[in-house]
Structure formats: structure tokens, C-alpha cells
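Below is structure-v9.csv, holding CSV, C-alpha atoms.
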```
chain,number,residue,atom,x,y,z
H,24,GLU,CA,0.0,0.0,0.0
H,25,PRO,CA,1.4,3.4,-0.9
H,26,GLU,CA,2.5,5.6,2.1
H,27,VAL,CA,3.7,9.0,3.0
H,28,THR,CA,7.3,9.0,4.1
H,29,GLN,CA,9.2,11.6,6.2
H,30,THR,CA,12.8,12.2,6.9
H,31,PRO,CA,14.6,12.4,9.2
H,32,SER,CA,12.6,10.6,11.9
H,33,HIS,CA,14.3,12.7,14.6
H,34,GLN,CA,16.1,16.1,14.1
H,35,VAL,CA,18.0,17.8,16.9
H,36,THR,CA,19.0,21.4,16.3
H,37,GLN,CA,20.3,24.5,18.2
H,38,MET,CA,18.0,27.4,18.7
H,39,GLY,CA,18.3,29.9,15.9
H,40,GLN,CA,19.3,27.3,13.3
H,41,GLU,CA,17.4,26.6,10.1
H,42,VAL,CA,15.9,23.1,9.6
H,43,ILE,CA,14.3,21.5,6.7
H,44,LEU,CA,11.8,18.6,7.2
H,45,ARG,CA,11.3,16.4,4.2
H,46,CYS,CA,8.2,14.5,3.1
H,47,VAL,CA,7.5,12.3,0.1
H,48,PRO,CA,3.8,12.3,-0.4
H,49,ILE,CA,1.9,9.5,-2.2
H,50,SER,CA,2.8,9.7,-5.9
H,51,ASN,CA,-0.5,10.6,-7.5
H,52,HIS,CA,-1.7,12.9,-4.7
H,53,LEU,CA,-2.2,16.6,-5.4
H,54,TYR,CA,-2.9,18.2,-2.0
H,55,PHE,CA,-0.2,18.4,0.7
H,56,TYR,CA,-0.3,19.4,4.3
H,57,TRP,CA,1.9,20.0,7.4
H,58,TYR,CA,0.7,19.5,10.9
H,59,ARG,CA,2.5,19.6,14.2
H,60,GLN,CA,1.9,18.1,17.7
H,61,ILE,CA,3.7,19.5,20.7
H,62,LEU,CA,4.2,16.8,23.2
H,63,GLY,CA,1.0,16.1,25.1
H,64,GLN,CA,-1.0,18.6,23.1
H,65,LYS,CA,-3.4,18.4,20.1
H,66,VAL,CA,-2.5,18.0,16.5
H,67,GLU,CA,-2.4,21.5,15.0
H,68,PHE,CA,-2.8,22.4,11.3
H,69,LEU,CA,0.0,24.4,9.9
H,70,VAL,CA,-0.5,24.7,6.1
H,71,SER,CA,-2.1,23.2,3.0
H,72,PHE,CA,-0.5,23.3,-0.4
H,73,TYR,CA,-2.0,22.7,-3.9
H,74,ASN,CA,-0.8,23.5,-7.4
H,75,ASN,CA,2.5,24.9,-6.1
H,76,GLU,CA,1.0,27.4,-3.8
H,77,ILE,CA,-0.3,27.7,-0.2
H,78,SER,CA,-4.1,27.3,-0.1
H,79,GLU,CA,-4.6,27.7,3.7
H,80,LYS,CA,-2.4,28.4,6.6
H,81,SER,CA,-2.8,28.8,10.3
H,82,GLU,CA,-1.8,31.5,12.7
H,83,ILE,CA,1.2,29.4,13.7
H,84,PHE,CA,2.5,29.4,10.2
H,85,ASP,CA,4.3,32.8,10.4
H,86,ASP,CA,7.2,34.2,8.4
H,87,GLN,CA,9.6,31.7,10.0
H,88,PHE,CA,7.9,28.9,8.1
H,89,SER,CA,7.9,28.1,4.4
H,90,VAL,CA,6.9,25.2,2.3
H,91,GLU,CA,8.2,24.1,-1.1
H,92,ARG,CA,7.7,21.3,-3.6
H,93,PRO,CA,11.2,21.5,-5.2
H,94,ASP,CA,10.6,18.6,-7.6
H,95,GLY,CA,7.9,16.1,-8.5
H,96,SER,CA,8.2,14.0,-5.3
H,97,ASN,CA,9.4,16.0,-2.3
H,98,PHE,CA,7.4,18.4,-0.1
H,99,THR,CA,9.5,20.3,2.4
H,100,LEU,CA,8.8,22.4,5.5
H,101,LYS,CA,11.5,24.9,6.4
H,102,ILE,CA,11.8,26.7,9.7
H,103,ARG,CA,14.2,29.6,9.3
H,104,SER,CA,15.3,30.3,12.8
H,105,THR,CA,14.1,27.7,15.2
H,106,LYS,CA,12.8,28.5,18.7
H,107,LEU,CA,12.5,26.3,21.7
H,108,GLU,CA,8.8,26.2,21.3
H,109,ASP,CA,9.1,24.7,17.8
H,110,SER,CA,10.0,21.4,19.4
H,111,ALA,CA,7.2,19.1,18.3
H,112,MET,CA,6.3,16.2,16.2
H,113,TYR,CA,5.8,17.4,12.6
H,114,PHE,CA,3.4,15.4,10.4
H,115,CYS,CA,3.2,15.6,6.6
H,116,ALA,CA,0.0,14.4,4.9
H,117,SER,CA,-1.3,14.1,1.4
H,118,ARG,CA,-4.6,13.6,-0.4
H,119,ALA,CA,-5.4,12.6,-3.9
H,120,SER,CA,-8.0,15.3,-4.5
H,121,GLY,CA,-9.6,18.2,-2.7
H,122,GLY,CA,-12.9,16.3,-2.2
H,123,PHE,CA,-14.0,15.8,1.4
H,124,THR,CA,-14.5,12.1,1.0
H,125,ASP,CA,-10.9,11.7,-0.1
H,126,THR,CA,-8.7,10.2,2.7
H,127,GLN,CA,-5.8,12.3,4.0
H,128,TYR,CA,-2.8,10.0,4.6
H,129,PHE,CA,-0.3,11.0,7.2
H,130,GLY,CA,3.3,10.2,7.4
H,131,PRO,CA,5.0,8.8,10.5
H,132,GLY,CA,6.3,12.2,11.6
H,133,THR,CA,9.6,13.9,12.3
H,134,ARG,CA,10.4,14.7,15.9
H,135,LEU,CA,12.1,18.1,16.0
H,136,THR,CA,14.0,18.9,19.2
H,137,VAL,CA,15.3,22.5,19.6
H,138,LEU,CA,18.0,22.9,22.2
L,15,ASP,CA,-7.7,27.9,20.2
L,16,GLN,CA,-10.3,25.6,21.6
L,17,GLN,CA,-12.6,25.3,18.7
L,18,VAL,CA,-12.7,21.5,19.0
L,19,LYS,CA,-12.8,19.8,22.4
L,20,GLN,CA,-12.5,16.3,23.5
L,21,ASN,CA,-13.2,16.5,27.2
L,22,SER,CA,-12.4,12.9,28.1
L,23,PRO,CA,-8.6,12.3,28.0
L,24,SER,CA,-9.1,8.6,28.5
L,25,LEU,CA,-11.7,5.8,28.2
L,26,SER,CA,-11.5,2.2,29.3
L,27,VAL,CA,-13.9,-0.4,27.8
L,28,GLN,CA,-14.2,-4.2,28.0
L,29,GLU,CA,-13.6,-6.1,24.8
L,30,GLY,CA,-16.9,-6.7,23.0
L,31,ARG,CA,-18.6,-3.7,24.5
L,32,ILE,CA,-19.4,-0.4,22.9
L,33,SER,CA,-16.9,2.5,23.0
L,34,ILE,CA,-18.3,6.0,22.7
L,35,LEU,CA,-15.9,8.8,22.1
L,36,ASN,CA,-17.3,12.4,22.3
L,37,CYS,CA,-16.3,15.6,20.7
L,38,ASP,CA,-17.7,19.2,20.9
L,39,TYR,CA,-17.0,22.1,18.7
L,40,THR,CA,-17.8,25.8,18.9
L,41,ASN,CA,-17.7,27.1,15.4
L,42,SER,CA,-21.1,26.9,13.7
L,43,MET,CA,-19.4,27.3,10.3
L,44,PHE,CA,-17.8,23.9,10.6
L,45,ASP,CA,-19.4,21.6,8.0
L,46,TYR,CA,-16.9,18.7,7.8
L,47,PHE,CA,-15.9,16.3,10.6
L,48,LEU,CA,-13.4,13.5,10.8
L,49,TRP,CA,-12.2,10.9,13.2
L,50,TYR,CA,-8.6,9.7,13.3
L,51,LYS,CA,-6.9,7.0,15.2
L,52,LYS,CA,-3.2,7.3,16.3
L,53,TYR,CA,-0.8,4.7,17.6
L,54,PRO,CA,2.4,5.7,19.4
L,55,ALA,CA,5.2,6.6,17.0
L,56,GLU,CA,2.9,6.7,14.0
L,57,GLY,CA,1.0,9.4,12.1
L,58,PRO,CA,-2.8,9.7,12.5
L,59,THR,CA,-4.9,7.2,10.4
L,60,PHE,CA,-8.2,8.3,9.0
L,61,LEU,CA,-11.2,6.4,10.3
L,62,ILE,CA,-14.5,7.9,9.3
L,63,SER,CA,-16.0,11.3,8.3
L,64,ILE,CA,-19.3,13.0,8.2
L,65,SER,CA,-20.5,16.3,6.6
L,66,SER,CA,-23.1,18.5,8.1
L,67,ILE,CA,-25.8,17.4,5.6
L,68,LYS,CA,-25.9,14.1,7.5
L,69,ASP,CA,-26.4,13.1,11.1
L,70,LYS,CA,-25.0,9.6,10.9
L,71,ASN,CA,-22.4,7.7,8.9
L,72,GLU,CA,-21.5,4.1,9.4
L,73,ASP,CA,-18.5,2.1,8.3
L,74,GLY,CA,-18.3,-1.4,9.6
L,75,ARG,CA,-17.8,-1.3,13.4
L,76,PHE,CA,-17.5,2.5,13.4
L,77,THR,CA,-20.4,4.9,13.4
L,78,VAL,CA,-20.2,8.7,13.7
L,79,PHE,CA,-23.1,10.7,14.9
L,80,LEU,CA,-23.5,14.4,14.4
L,81,ASN,CA,-25.8,16.7,16.4
L,82,LYS,CA,-25.5,20.1,14.7
L,83,SER,CA,-27.7,21.9,17.1
L,84,ALA,CA,-25.6,20.8,20.1
L,85,LYS,CA,-22.4,21.1,18.1
L,86,HIS,CA,-21.5,17.6,19.2
L,87,LEU,CA,-20.3,14.5,17.5
L,88,SER,CA,-19.5,11.1,18.7
L,89,LEU,CA,-17.8,8.0,17.5
L,90,HIS,CA,-19.2,4.6,18.4
L,91,ILE,CA,-17.1,1.5,18.1
L,92,VAL,CA,-19.1,-1.8,18.3
L,93,PRO,CA,-17.9,-4.3,19.3
L,94,SER,CA,-14.7,-2.9,20.7
L,95,GLN,CA,-11.5,-5.0,20.2
L,96,PRO,CA,-8.1,-4.8,21.9
L,97,GLY,CA,-6.6,-3.6,18.6
L,98,ASP,CA,-8.7,-0.5,18.8
L,99,SER,CA,-6.6,0.7,21.8
L,100,ALA,CA,-5.2,4.0,20.6
L,101,VAL,CA,-5.6,7.7,20.8
L,102,TYR,CA,-8.7,9.0,18.9
L,103,PHE,CA,-8.8,12.5,17.5
L,104,CYS,CA,-11.8,14.3,16.1
L,105,ALA,CA,-11.2,17.1,13.7
L,106,ALA,CA,-13.6,19.7,12.2
L,107,GLY,CA,-13.4,22.4,9.6
L,108,ASP,CA,-15.3,24.7,7.3
L,109,ASN,CA,-13.4,23.7,4.2
L,110,PHE,CA,-11.6,20.6,3.0
L,111,ASN,CA,-8.1,22.0,3.5
L,112,LYS,CA,-8.0,23.2,7.1
L,113,PHE,CA,-9.1,21.2,10.0
L,114,TYR,CA,-9.0,21.8,13.7
L,115,PHE,CA,-8.2,18.9,15.9
L,116,GLY,CA,-9.3,18.0,19.4
L,117,SER,CA,-6.8,17.0,22.1
L,118,GLY,CA,-7.6,13.3,21.7
L,119,THR,CA,-9.1,10.5,23.9
L,120,LYS,CA,-6.9,7.5,24.7
L,121,LEU,CA,-9.0,4.4,24.4
L,122,ASN,CA,-8.0,1.2,26.2
L,123,VAL,CA,-9.9,-1.9,25.3
L,124,LYS,CA,-9.4,-4.6,27.9
L,125,PRO,CA,-9.4,-8.2,26.8
```

Encoding of this model in C-alpha cells:
Amino acid sequence: EPEVTQTPSHQVTQMGQEVILRCVPISNHLYFYWYRQILGQKVEFLVSFYNNEISEKSEIFDDQFSVERPDGSNFTLKIRSTKLEDSAMYFCASRASGGFTDTQYFGPGTRLTVL
Amino acid sequence: DQQVKQNSPSLSVQEGRISILNCDYTNSMFDYFLWYKKYPAEGPTFLISISSIKDKNEDGRFTVFLNKSAKHLSLHIVPSQPGDSAVYFCAAGDNFNKFYFGSGTKLNVKP
């Protein structure tokens, strides 16, 4: 069964450093998402991406964050200058189409630790 | 941001019995609702969805009920199995591309 993959599984970085989290969505999917889950808290929507542009973003997704689909397979989340409070599990997800009944498939997540 | 709430952090149920997980939301503009299951060290897995034009959707052992006037939805699992033990999240949104999640309910199904 096709799946969403994410690398690395765990990223440790120093505060102020830039990080790039990588995702490979399912190959025929057109809609892409990033979520995060701070330890012990709820899953939070960050951004959705379609047709090479952001379609929705949350209040969390400020100028420190950016997303890109640099080629036909990868979907990346960049945090320009990490803060301690960026420590969280980051999940990528993809969906074949924008229809509500289409399932959103999540990757296993990248645990980001900011020291 | 407390637009979606799951007030029970945990639920314990005997195998074979019904599990009922509850979710409340505050935004009357929400039209789309989903339930996800999450195991440790994995991403959420989609379970079942419902839109506001319906009040019930059933898929095998899983049924979601929506009460729009009360802004409440629930997930029923019948019969519950030990493999159902996981954290269950409800999510709600007013469009297909932005969903707000609840804080999750940890279900433990005892053999």
C-alpha cells in the first residue's frame, strides 16, 4: 500500500538554526499538508498546499515557516530560525484530490528537538 | 484555540462492549468532521468522516453521529476490540483543506 514517508525521523538542532523537514507524499496525490503536535497537546494544522501554492495556513505558520515542492516528489517544511517552542512532532499528509471524502494520509512524523 | 474539544482524555472499555468517544465544537461554520486513530510513533490514520448534511455515517464497526444543534459529534465502536486501543482525535473544519483537531481521547480496550 502506498504511504507517505518523512525524513529524518528525529532532528535535533540548536535554537536559531534553520531546519528542513522532508516529506515524500503518495505519488498521485495533489494536496499536501503539514501539521505539528507539541508533546501532550493536540495536533495543529500548519499549512495546506496545492498547485504549487499555499491554499490555507494557520496563525502558527508565520514568516519563520515556508513550504516548497522542489521537484515532483518531495514536499518540504523549512523553519528559518528555530525557537525552543518549535520542538514538536511534525506530520506531513497528502490527499489525492480536494474532495471531502478523499482520505488524508499521514506520514509517521519527524520529531524536532530544539535545544 | 479551543474550537474543538474532547473532554475525556481517556476511556477504558471491556472487549466486545461499545466504546463511545465524544467531541464538541464551537464554530457553527464547521461543515466537515473526521475521526482519526493514532498509535504511538505513527501518524494519525483516517477512520471515518461526516458532513453537516448528514447526522450519521456508518462504516463497519465504526459509526459517527453528528448533532449540529448541540455542536456535538460522537464515534461509536461496536464491538470494541483490543486492537482498537489507541488515541482517537476528532477534527472539524469549514473547508476541505483546514481542520482543527481535538486534544484526543486515549481508548483502552481490555481483553

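Across the model, the gap from atom CA of Ser33 of chain L to atom CA of Asn81 of chain L is 18.0 Å.
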
Would you tabulate, counting only C-alpha atoms, all residues of chain L that have an atom at most 7 Å from an atom of chain H, showing the closest pair of atoms and their distance in Å to one decimal, sorted by chain then ascending number, as JSON lines?
```
{"residue": "L:Ala55", "atom": "CA", "partner": "H:Pro131", "partner_atom": "CA", "distance": 6.9}
{"residue": "L:Glu56", "atom": "CA", "partner": "H:Pro131", "partner_atom": "CA", "distance": 4.6}
{"residue": "L:Gly57", "atom": "CA", "partner": "H:Pro131", "partner_atom": "CA", "distance": 4.3}
{"residue": "L:Pro58", "atom": "CA", "partner": "H:Phe129", "partner_atom": "CA", "distance": 6.0}
{"residue": "L:Thr59", "atom": "CA", "partner": "H:Phe129", "partner_atom": "CA", "distance": 6.8}
{"residue": "L:Phe60", "atom": "CA", "partner": "H:Thr126", "partner_atom": "CA", "distance": 6.6}
{"residue": "L:Phe110", "atom": "CA", "partner": "H:Phe123", "partner_atom": "CA", "distance": 5.6}
{"residue": "L:Asn111", "atom": "CA", "partner": "H:Ser71", "partner_atom": "CA", "distance": 6.1}
{"residue": "L:Lys112", "atom": "CA", "partner": "H:Glu79", "partner_atom": "CA", "distance": 6.6}
{"residue": "L:Phe113", "atom": "CA", "partner": "H:Phe68", "partner_atom": "CA", "distance": 6.5}
{"residue": "L:Tyr114", "atom": "CA", "partner": "H:Phe68", "partner_atom": "CA", "distance": 6.7}
{"residue": "L:Phe115", "atom": "CA", "partner": "H:Val66", "partner_atom": "CA", "distance": 5.8}
{"residue": "L:Gly116", "atom": "CA", "partner": "H:Lys65", "partner_atom": "CA", "distance": 6.0}
{"residue": "L:Ser117", "atom": "CA", "partner": "H:Lys65", "partner_atom": "CA", "distance": 4.2}
{"residue": "L:Gly118", "atom": "CA", "partner": "H:Lys65", "partner_atom": "CA", "distance": 6.8}
```

- In Å, with one decimal, what is the gap from atom CA of Phe79 of chain L to atom CA of Val92 of chain L?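 Atom CA of Val92 of chain L lies 13.6 Å from atom CA of Phe79 of chain L.
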
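As for atom CA of Asn97 of chain H and atom CA of His52 of chain H, they are spaced 11.8 Å apart.
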
- Item | Shortest interatomic distance to Ser66 of chain L - which of L:Ile34, L:His90, L:Asn109, L:Gly97, counting only C-alpha atoms |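 Smallest distance to Ser66 of chain L is found for L:Asn109.
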
Pull chain L out of the block and emit C-alpha atoms, as a short mmCIF file (atom, residue, chain, number, x, y, z; two decimals), in the first residue's frame.
```
data_model
loop_
_atom_site.label_atom_id
_atom_site.label_comp_id
_atom_site.auth_asym_id
_atom_site.auth_seq_id
_atom_site.Cartn_x
_atom_site.Cartn_y
_atom_site.Cartn_z
CA ASP L 15 -7.67 27.92 20.15
CA GLN L 16 -10.31 25.63 21.62
CA GLN L 17 -12.61 25.28 18.67
CA VAL L 18 -12.70 21.51 19.01
CA LYS L 19 -12.76 19.83 22.39
CA GLN L 20 -12.51 16.27 23.55
CA ASN L 21 -13.24 16.45 27.23
CA SER L 22 -12.39 12.87 28.11
CA PRO L 23 -8.63 12.31 27.99
CA SER L 24 -9.07 8.57 28.45
CA LEU L 25 -11.66 5.82 28.22
CA SER L 26 -11.46 2.20 29.29
CA VAL L 27 -13.85 -0.40 27.83
CA GLN L 28 -14.18 -4.17 28.00
CA GLU L 29 -13.62 -6.12 24.80
CA GLY L 30 -16.90 -6.71 22.98
CA ARG L 31 -18.65 -3.72 24.52
CA ILE L 32 -19.40 -0.38 22.91
CA SER L 33 -16.87 2.48 23.00
CA ILE L 34 -18.32 5.98 22.74
CA LEU L 35 -15.94 8.84 22.14
CA ASN L 36 -17.26 12.38 22.28
CA CYS L 37 -16.28 15.64 20.67
CA ASP L 38 -17.66 19.17 20.91
CA TYR L 39 -17.02 22.13 18.67
CA THR L 40 -17.78 25.82 18.94
CA ASN L 41 -17.71 27.13 15.38
CA SER L 42 -21.12 26.87 13.74
CA MET L 43 -19.45 27.30 10.33
CA PHE L 44 -17.83 23.88 10.56
CA ASP L 45 -19.36 21.56 7.99
CA TYR L 46 -16.87 18.70 7.83
CA PHE L 47 -15.88 16.34 10.58
CA LEU L 48 -13.41 13.50 10.77
CA TRP L 49 -12.16 10.94 13.23
CA TYR L 50 -8.57 9.72 13.28
CA LYS L 51 -6.86 6.96 15.21
CA LYS L 52 -3.25 7.28 16.29
CA TYR L 53 -0.84 4.68 17.61
CA PRO L 54 2.39 5.73 19.36
CA ALA L 55 5.23 6.62 16.97
CA GLU L 56 2.87 6.68 13.99
CA GLY L 57 0.95 9.37 12.15
CA PRO L 58 -2.83 9.66 12.51
CA THR L 59 -4.89 7.21 10.44
CA PHE L 60 -8.21 8.30 8.99
CA LEU L 61 -11.20 6.38 10.33
CA ILE L 62 -14.46 7.94 9.29
CA SER L 63 -15.96 11.27 8.27
CA ILE L 64 -19.28 13.05 8.18
CA SER L 65 -20.51 16.26 6.62
CA SER L 66 -23.14 18.53 8.09
CA ILE L 67 -25.81 17.40 5.65
CA LYS L 68 -25.93 14.07 7.46
CA ASP L 69 -26.42 13.10 11.07
CA LYS L 70 -24.99 9.60 10.89
CA ASN L 71 -22.36 7.75 8.93
CA GLU L 72 -21.51 4.10 9.38
CA ASP L 73 -18.50 2.08 8.28
CA GLY L 74 -18.30 -1.43 9.64
CA ARG L 75 -17.83 -1.30 13.40
CA PHE L 76 -17.49 2.50 13.37
CA THR L 77 -20.40 4.94 13.39
CA VAL L 78 -20.17 8.69 13.69
CA PHE L 79 -23.14 10.72 14.89
CA LEU L 80 -23.46 14.45 14.39
CA ASN L 81 -25.78 16.72 16.37
CA LYS L 82 -25.45 20.11 14.74
CA SER L 83 -27.75 21.94 17.13
CA ALA L 84 -25.64 20.79 20.07
CA LYS L 85 -22.38 21.12 18.11
CA HIS L 86 -21.51 17.63 19.18
CA LEU L 87 -20.28 14.52 17.47
CA SER L 88 -19.54 11.08 18.73
CA LEU L 89 -17.78 7.98 17.50
CA HIS L 90 -19.23 4.60 18.38
CA ILE L 91 -17.14 1.45 18.08
CA VAL L 92 -19.11 -1.77 18.31
CA PRO L 93 -17.87 -4.29 19.25
CA SER L 94 -14.66 -2.91 20.70
CA GLN L 95 -11.51 -4.96 20.16
CA PRO L 96 -8.11 -4.80 21.90
CA GLY L 97 -6.56 -3.62 18.62
CA ASP L 98 -8.74 -0.53 18.84
CA SER L 99 -6.65 0.69 21.77
CA ALA L 100 -5.17 3.98 20.55
CA VAL L 101 -5.62 7.72 20.81
CA TYR L 102 -8.66 8.98 18.89
CA PHE L 103 -8.79 12.52 17.53
CA CYS L 104 -11.79 14.32 16.14
CA ALA L 105 -11.23 17.13 13.65
CA ALA L 106 -13.57 19.74 12.22
CA GLY L 107 -13.37 22.40 9.56
CA ASP L 108 -15.32 24.69 7.26
CA ASN L 109 -13.38 23.66 4.18
CA PHE L 110 -11.56 20.62 2.96
CA ASN L 111 -8.10 21.99 3.49
CA LYS L 112 -8.01 23.24 7.06
CA PHE L 113 -9.09 21.16 10.03
CA TYR L 114 -8.96 21.85 13.74
CA PHE L 115 -8.17 18.87 15.94
CA GLY L 116 -9.31 17.99 19.42
CA SER L 117 -6.82 17.00 22.10
CA GLY L 118 -7.55 13.31 21.75
CA THR L 119 -9.05 10.52 23.86
CA LYS L 120 -6.92 7.53 24.75
CA LEU L 121 -9.02 4.39 24.40
CA ASN L 122 -8.00 1.23 26.21
CA VAL L 123 -9.93 -1.90 25.29
CA LYS L 124 -9.37 -4.58 27.89
CA PRO L 125 -9.37 -8.24 26.81
#
```
